[in-house]
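S.K.: Handing over input36.txt, compact mmCIF, C-alpha atoms.
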```txt
# COMPACT_ATOMS: atom_id res chain seq x y z
CA MET A 8 -22.77 44.14 41.39
CA SER A 9 -25.67 43.90 43.86
CA THR A 10 -29.31 43.05 43.25
CA ILE A 11 -32.36 45.08 44.28
CA LEU A 12 -35.74 43.37 43.84
CA ALA A 13 -34.20 40.80 41.47
CA ARG A 14 -32.78 43.49 39.16
CA PRO A 15 -29.06 44.34 39.01
CA ALA A 16 -28.23 47.64 40.71
CA ARG A 17 -25.61 49.88 39.18
CA ASN A 18 -23.27 51.55 41.58
CA SER A 19 -19.96 53.32 41.16
CA ARG A 20 -18.23 51.55 44.04
CA PRO A 21 -18.65 48.20 45.81
CA LEU A 22 -21.31 47.96 48.48
CA LEU A 23 -20.27 47.77 52.11
CA HIS A 24 -21.59 44.60 53.79
CA ASN A 25 -24.34 44.08 51.16
CA ALA A 26 -25.90 47.50 51.89
CA LEU A 27 -28.22 48.93 49.27
CA PRO A 28 -26.80 51.85 47.28
CA CYS A 29 -28.32 55.14 48.40
CA ARG A 30 -27.65 58.82 48.68
CA ARG A 31 -28.68 61.27 51.34
CA LYS A 32 -31.38 63.71 50.30
CA SER A 33 -30.51 67.38 50.33
CA ARG A 34 -32.38 69.74 52.66
CA ARG A 35 -34.28 71.06 49.64
CA GLU A 36 -35.54 67.56 48.76
CA THR A 37 -36.76 66.81 52.31
CA LYS A 38 -38.96 69.93 52.57
CA MET A 39 -42.56 68.88 52.05
CA ARG A 40 -44.94 70.86 49.88
CA PRO A 41 -48.75 70.73 50.29
CA GLU A 42 -49.14 68.40 47.29
CA THR A 43 -46.61 66.04 48.86
CA VAL A 44 -48.57 66.11 52.12
CA HIS A 45 -51.73 65.05 50.26
CA SER A 46 -49.87 62.26 48.47
CA ARG A 47 -48.83 60.81 51.86
CA ILE A 48 -52.43 60.47 53.07
CA LEU A 49 -53.24 56.76 52.94
CA TYR A 50 -56.84 57.04 54.16
CA ASN A 51 -59.10 59.95 55.10
CA ASP A 52 -62.76 60.06 56.13
CA ASP A 53 -64.97 62.06 58.53
CA ARG A 54 -63.49 60.43 61.64
CA ILE A 55 -59.89 59.29 60.96
CA LEU A 56 -56.83 60.12 58.91
CA VAL A 57 -54.03 57.65 58.17
CA TYR A 58 -50.74 59.26 57.15
CA ASN A 59 -47.46 57.87 55.82
CA LYS A 60 -44.88 59.74 57.94
CA PRO A 61 -41.42 60.31 56.43
CA ASN A 62 -38.30 60.15 58.56
CA ARG A 63 -36.74 63.31 60.03
CA LYS A 64 -40.18 64.84 60.58
CA ALA A 65 -41.60 65.38 64.06
CA VAL A 66 -45.30 65.00 64.82
CA HIS A 67 -45.29 67.47 67.75
CA ASN A 68 -43.48 70.70 68.58
CA GLY A 69 -40.18 70.55 70.40
CA PRO A 70 -36.71 72.07 70.45
CA LYS A 71 -35.03 72.21 67.02
CA VAL A 72 -37.99 70.48 65.38
CA GLY A 73 -38.90 72.87 62.58
CA LYS A 74 -42.27 72.44 60.94
CA THR A 75 -44.18 69.45 62.33
CA ILE A 76 -46.35 66.93 60.48
CA TYR A 77 -49.37 68.43 62.24
CA GLN A 78 -48.50 71.95 61.02
CA GLN A 79 -47.93 70.71 57.47
CA LEU A 80 -51.32 68.98 57.46
CA GLU A 81 -52.96 72.22 58.69
CA GLU A 82 -51.25 74.23 55.92
CA ALA A 83 -52.57 71.72 53.37
CA ASN A 84 -56.12 72.26 54.79
CA VAL A 85 -56.21 68.80 56.33
CA THR A 86 -56.66 69.20 60.06
CA PRO A 87 -56.71 66.05 62.16
CA ALA A 88 -57.59 66.93 65.74
CA TYR A 89 -56.00 64.11 67.76
CA PRO A 90 -52.87 62.07 67.08
CA VAL A 91 -53.68 58.60 68.44
CA HIS A 92 -50.05 57.49 68.87
CA ARG A 93 -46.58 58.77 68.09
CA LEU A 94 -43.56 57.87 66.03
CA ASP A 95 -40.07 59.11 66.76
CA ARG A 96 -38.74 61.88 64.55
CA ASP A 97 -36.31 59.58 62.72
CA THR A 98 -38.88 56.80 62.22
CA THR A 99 -40.81 56.27 59.02
CA GLY A 100 -44.24 54.72 59.39
CA VAL A 101 -48.00 54.99 59.46
CA LEU A 102 -49.58 57.56 61.80
CA LEU A 103 -53.20 57.40 62.89
CA PHE A 104 -55.13 60.61 63.66
CA ALA A 105 -58.68 60.86 65.02
CA LYS A 106 -60.85 63.78 63.95
CA ASP A 107 -63.09 63.85 67.03
CA LYS A 108 -62.69 63.15 70.73
CA GLU A 109 -64.93 60.07 70.74
CA MET A 110 -62.90 58.36 68.00
CA ALA A 111 -59.63 59.39 69.69
CA THR A 112 -60.77 57.75 72.93
CA TYR A 113 -61.86 54.60 71.10
CA LEU A 114 -58.65 54.26 69.07
CA SER A 115 -56.46 55.03 72.10
CA SER A 116 -58.26 52.29 74.01
CA LEU A 117 -57.57 49.82 71.20
CA MET A 118 -53.89 50.76 71.28
CA LYS A 119 -53.71 50.55 75.07
CA HIS A 120 -55.25 47.06 75.13
CA HIS A 121 -53.05 45.81 72.26
CA LYS A 122 -55.98 45.30 69.89
CA VAL A 123 -54.11 46.94 67.02
CA LEU A 124 -51.61 44.79 65.13
CA ARG A 125 -48.33 46.61 64.62
CA SER A 126 -45.79 45.34 62.16
CA TYR A 127 -42.21 46.56 61.84
CA LEU A 128 -39.58 46.15 59.16
CA ALA A 129 -35.92 46.69 60.05
CA LEU A 130 -33.33 47.41 57.41
CA CYS A 131 -29.80 46.48 58.35
CA ILE A 132 -26.30 46.31 56.98
CA GLY A 133 -25.04 42.76 56.70
CA VAL A 134 -26.92 39.51 57.00
CA PRO A 135 -28.77 38.75 60.26
CA ASP A 136 -28.48 35.25 61.76
CA GLN A 137 -32.25 34.78 61.59
CA THR A 138 -34.57 35.91 58.81
CA ARG A 139 -37.57 36.36 61.16
CA GLY A 140 -38.11 37.03 64.83
CA GLU A 141 -39.85 39.03 67.51
CA VAL A 142 -38.58 41.99 69.49
```
Could you render the structure as structure tokens?
M.R.:
Amino acid sequence: MSTILARPARNSRPLLHNALPCRRKSRRETKMRPETVHSRILYNDDRILVYNKPNRKAVHNGPKVGKTIYQQLEEANVTPAYPVHRLDRDTTGVLLFAKDKEMATYLSSLMKHHKVLRSYLALCIGVPDQTRGEV
């Protein structure tokens, strides 16, 4: 038996290399509805929007992308004008949108000059040699 957050986890078969038990979501489960879009908004005011981006969702249009985060926000009547940075389609994380050009320029400048602290968490199978480090 494995442990997740200090509680025993029930699973029908042994875990491979101490991996957490999980199942892949069906296509139906990964489609976002407007109420789900609103629940992923972490902060929203007149000038910025902070959004918790799920994996397998693209921010911008591209080949074989489907509906983008930007389009889903528009459908939910939340229209950020300028994405300040990007996250890859398969990456989960926090996205920052500016709602006007002046704020977009300011936030982009902060990003460019490394004035924004970014923190990453990597989940892996097995036990890494070190518990902390920098990439």
S.K.: Between CA of Pro70 (chain A) and CA of Tyr89 (chain A), what is the distance in Å, rounded to a tenth?
M.R.: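 A separation of 21.0 Å between them.
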S.K.: Suppose you want the space between CA of Leu117 (chain A) and CA of Leu103 (chain A); what is it in Å?
M.R.: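 Going from CA of Leu117 (chain A) over to CA of Leu103 (chain A) covers 12.1 Å.
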S.K.: Grab the CA of Asn51 (chain A) to CA of Thr86 (chain A) distance for me, in Å with one decimal place.
M.R.: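 Pair CA of Asn51 (chain A) / CA of Thr86 (chain A) returns 10.8 Å.
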S.K.: Could you name the residues that touch Asn62 (chain A) at 6 Å or less, counting all atoms listed in the file, but leaving out those on the same chain fewer than 6 positions away, as number ranges by chain?
M.R.: A: 97-99
S.K.: Which polymer residues have any atom within 10 Å of an atom of Tyr50 (chain A), counting all atoms listed in the file, with same-chain residues fewer than 5 positions away left out, as a PyMOL selection string?
M.R.: chain A and resi 55-59+103
S.K.: For each of A:Gly73, A:Ser126, A:Gly100, A:Val91, take the minimum atom-to-atom distance to Lys60 (chain A), counting all atoms listed in the file, then give the residue where this is smallest.
M.R.: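 Looking only at the distances to Lys60 (chain A), the closest residue turns out to be A:Gly100.
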S.K.: Ranking A:Arg139, A:Arg47, A:Lys74, A:His92 by minimum distance to Ser116 (chain A) and counting all atoms listed in the file, which one comes first?
M.R.: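 Closest to Ser116 (chain A) of all the choices is A:His92.
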